[in-house]
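The structure appears right after this line, and notes come after that.
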Amino acid sequence: MKIGIYGAPYAGKTTIFKLLVGDVNEEIGMAKVPDERVDFLSDMYKPKKTTYATMEFVDLPGLSPDLPRKEKNQILSKIQNVDALLWVVRAFEDESVPRYFEDAGKEIEYLHDELLIRDLEIAETNIEKLKNAKRKLSRDEEQQLQSLEKCSKALNDGIFVKLIELSEDERKALSSFGFFTMKESVVAINLDEGSFKSKAYKGKEKVEEIVRNNSLAMMEMCGKLEMEINELEEDERKEFLNDLGLKESGISRLARVVYSTLGLISFFTVGEDEVRAWTIKKGTNFKKAAGKIHTDIERGFIRAEVVKYSDMKEFKSMKEIKAKGLMKLEGKDSIVEDGDIVNIRFNV
Ligand SMILES: Nc1nc2c(ncn2[C@@H]2O[C@H](COP(=O)(O)OP(=O)(O)OP(=O)(O)O)[C@@H](O)[C@H]2O)c(=O)[nH]1
Ligand SMILES: [Mg+2]
């Protein structure tokens with residue numbers, strides 16, 4: 001899973017990026033997805049290796065109105081292939097850090113418009129291309145043209161592509177264009193300590209309106225402060241987070257929002273060698289899920305032995321769970337649920 005960090009200059013993008021992936025100097029970094037279920041299972045099995053799910057983040061230079069179109073497109077092209085966008089919107093006050101926009105409302109409006117303009121440009125360029133083709137269009141191209149025209153019309157009306165009703169065929173026809181407004185977005189409002197506590201900042205109404213109108217997900221962060229808290233020892237960290245009214249770190253909260261926005265869940269494999277979390281789309285069946293682990297396991301799939309995490313938490317023993325008849329056998333078409341502990345039987 002890859003997430004592009006998008007925003008204006010001085011919004012705190014790199015600060016949040018580093019909070020998520022650690023103090024790296026590249027613009028791409030991996031973040032471990034904290035999961036107390038993995039912690040628990042690892043404590044129980046004491047495996048040689050514990051593997052958490054990961055998310056990859058791409059940090060970008062800020063986008064601003066004074067950049068030429070070409071440069072903006074160059075910046076945006078770095079996140080062409082991401083699964084989701086994390087918009088960072090500046091809502092912190094700090095005189096020593098210049099700001100591009102008057103307030104968070106103006107800033108998010110700009111970010112919203114940039115994506116619309118970019119996508120409209122893509123739609124129109126490709127419509128032109130198809131219309132000017134000096135040959136008869138293939139059926140696929142006809143489908144593309146018709147779908148692109150639908151997008152172009154919506155974008156002209158200020159509507160994100162992800163909000164248009166599209167058939168499966170139309171969706172497929174559009175998949176190669178990499179529309180930014182077709183991706184899911186999570187908006188992180190970067191607040192200072194005061195505004196984080198008071199929940200008040202300039203431009204909030206506009207921010208909420210744009211989030212609502214475009215069905216974006218939103219979360220509040222305190223980038224710089226959370227970064228400082230991160231550097232503390234464990235107990236001190238808890239105390240500071242508590243003081244901010246937070247039970248979880250920034251990455252925990254973000255992971256939660258991203259998983260629910262993208263419709264993702266986790267299943268686990270356990271053993272003495274490794275305890276591991278796997279990320280899949282909600283609605284994935286056991287055979288497909290097995291393919292995440294290894295294609296051979298998918299191909300040779302026989303059945304899955306499944307234990308619910310909640311049962312494991314309660315009884316703390318696979319033996320007892322089996323004795324109670326709580327281990328279920330599932331066939332290839334059954335659907336994996338969040339928190340399933342899975343052992344796949346297969347032959348190769
Ligand atoms: N007071 C305060 N300062 C912050 C906060 N977040 C970031 N900053 C400061 O703002 C400045 C810019 O932060 P960056 O994280 O580099 O911002 P950016 O969005 O990556 O900026 P560009 O890469 O230039 O587009 C730095 O000096 C940060 O220390 C915050 O929550 N509060
Ligand atoms: Mg930066």
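Going through the structure tokens in order, the chains are called A, B, and so on, while each chain numbers its residues from 1 and the ligands are numbered from 1 in the order shown.
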Quick one: DSSP strand (DSSP E or B) residues in segment 95-320 of chain A, as JSON, numbers by chain? {"A": [184, 185, 186, 187, 188, 189, 190, 217, 218, 219, 220, 221, 264, 265, 266, 267, 268, 269, 274, 275, 276, 277, 278, 279, 280, 281, 285, 301, 302, 303, 304, 305, 306, 307, 308]}
Sorted by chain and rising residue number, list the residues of segment 61-161 of chain A at most 7 Å from segment 197-221 of chain A (counting only C-alpha atoms), each with its closest atom pair and distance in Å to one decimal, as JSON lines.
```
{"residue": "A:Ala91", "atom": "CA", "partner": "A:Tyr201", "partner_atom": "CA", "distance": 6.4}
{"residue": "A:Asp103", "atom": "CA", "partner": "A:Gly203", "partner_atom": "CA", "distance": 5.5}
{"residue": "A:Ala104", "atom": "CA", "partner": "A:Gly203", "partner_atom": "CA", "distance": 5.1}
{"residue": "A:Gly105", "atom": "CA", "partner": "A:Gly203", "partner_atom": "CA", "distance": 4.1}
{"residue": "A:Ile108", "atom": "CA", "partner": "A:Val207", "partner_atom": "CA", "distance": 6.4}
{"residue": "A:Phe160", "atom": "CA", "partner": "A:Asn214", "partner_atom": "CA", "distance": 6.9}
```
Include C-alpha atoms and write out the residues we just selected as a PDB file, in the first residue's frame.
```
ATOM      1  CA  ALA A  91      -3.739  24.910  10.554  1.00  0.00           C
ATOM      2  CA  ASP A 103      -5.992  30.074   6.452  1.00  0.00           C
ATOM      3  CA  ALA A 104      -6.645  26.343   6.304  1.00  0.00           C
ATOM      4  CA  GLY A 105      -9.878  26.886   4.348  1.00  0.00           C
ATOM      5  CA  ILE A 108      -7.621  23.124   1.195  1.00  0.00           C
ATOM      6  CA  PHE A 160     -14.303  14.284  -8.197  1.00  0.00           C
TER       7      PHE A 160
END
```
Give the residues close to ligand 2, within 8 Å, counting only C-alpha atoms and all ligand atoms; write them as a VMD selection string. chain A and resid 9 to 10 12 to 15 59 to 62
Which residues, written as a PyMOL selection string, have at least one atom at most 10 Å from segment 83-85 of chain A, with only C-alpha atoms counted and residues fewer than 5 positions away on the same chain left out? chain A and resi 1-7+56-58+180-187+258+261-262
Pick the closest to Lys49 of chain A from A:Val342, A:Val161, A:Leu166, A:Ala277: which is it, counting only C-alpha atoms? A:Ala277
Neighbours of Arg303 of chain A within 8 Å (only C-alpha atoms; same-chain residues fewer than 4 positions away dropped), as a ChimeraX atom specification? /A:329-332,344-346
Write out as a PyMOL selection string the residues lying within 12 Å of segment 37-48 of chain A, counting only C-alpha atoms and excluding same-chain residues fewer than 3 positions away. chain A and resi 32-34+51-53+266-278+308-318+338-341
Please provide the set of residues having any atom within 10 Å of Asn230 of chain A, restricted to only C-alpha atoms, with same-chain residues fewer than 4 positions apart removed, written as a list in words. Leu19, Gly22, Lys224, Leu225, Glu226, Glu234, Glu236, Arg237, Lys238, Phe240, Leu241, Ser249 and Gly250 of chain A
Can I get the selection written as a PDB file, in the first residue's frame, with N, CA and C atoms?
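Okay, this is what ended up in part-v4.pdb:
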```
ATOM      1  N   LEU A  19       7.421  11.660  10.991  1.00  0.00           N
ATOM      2  CA  LEU A  19       6.711  11.097  12.133  1.00  0.00           C
ATOM      3  C   LEU A  19       6.263   9.660  11.791  1.00  0.00           C
ATOM      4  N   GLY A  22       9.979   7.623  10.270  1.00  0.00           N
ATOM      5  CA  GLY A  22      11.270   7.754  10.935  1.00  0.00           C
ATOM      6  C   GLY A  22      12.112   8.806  10.226  1.00  0.00           C
ATOM      7  N   LYS A 224       4.268  18.531  14.696  1.00  0.00           N
ATOM      8  CA  LYS A 224       5.533  18.836  15.338  1.00  0.00           C
ATOM      9  C   LYS A 224       5.574  18.285  16.762  1.00  0.00           C
ATOM     10  N   LEU A 225       4.463  18.475  17.470  1.00  0.00           N
ATOM     11  CA  LEU A 225       4.404  18.024  18.863  1.00  0.00           C
ATOM     12  C   LEU A 225       4.468  16.498  18.939  1.00  0.00           C
ATOM     13  N   GLU A 226       3.750  15.843  18.049  1.00  0.00           N
ATOM     14  CA  GLU A 226       3.761  14.372  18.059  1.00  0.00           C
ATOM     15  C   GLU A 226       5.150  13.832  17.732  1.00  0.00           C
ATOM     16  N   GLU A 234       8.869   5.476  26.477  1.00  0.00           N
ATOM     17  CA  GLU A 234       7.522   4.914  26.425  1.00  0.00           C
ATOM     18  C   GLU A 234       6.503   5.501  27.436  1.00  0.00           C
ATOM     19  N   GLU A 236       6.685   8.148  29.381  1.00  0.00           N
ATOM     20  CA  GLU A 236       6.541   9.596  29.226  1.00  0.00           C
ATOM     21  C   GLU A 236       5.680   9.912  28.010  1.00  0.00           C
ATOM     22  N   ARG A 237       5.872   9.115  26.971  1.00  0.00           N
ATOM     23  CA  ARG A 237       5.134   9.303  25.728  1.00  0.00           C
ATOM     24  C   ARG A 237       3.634   9.170  25.991  1.00  0.00           C
ATOM     25  N   LYS A 238       3.278   8.100  26.717  1.00  0.00           N
ATOM     26  CA  LYS A 238       1.873   7.867  27.065  1.00  0.00           C
ATOM     27  C   LYS A 238       1.281   9.066  27.796  1.00  0.00           C
ATOM     28  N   PHE A 240       2.259  12.222  27.757  1.00  0.00           N
ATOM     29  CA  PHE A 240       2.076  13.386  26.885  1.00  0.00           C
ATOM     30  C   PHE A 240       0.886  13.201  25.931  1.00  0.00           C
ATOM     31  N   LEU A 241       0.749  12.012  25.391  1.00  0.00           N
ATOM     32  CA  LEU A 241      -0.375  11.749  24.496  1.00  0.00           C
ATOM     33  C   LEU A 241      -1.685  11.911  25.266  1.00  0.00           C
ATOM     34  N   SER A 249      -0.905   6.884  19.051  1.00  0.00           N
ATOM     35  CA  SER A 249       0.032   7.727  18.313  1.00  0.00           C
ATOM     36  C   SER A 249      -0.572   8.145  16.972  1.00  0.00           C
ATOM     37  N   GLY A 250       0.073   9.111  16.332  1.00  0.00           N
ATOM     38  CA  GLY A 250      -0.393   9.596  15.034  1.00  0.00           C
ATOM     39  C   GLY A 250      -0.490   8.498  13.996  1.00  0.00           C
TER      40      GLY A 250
END
```
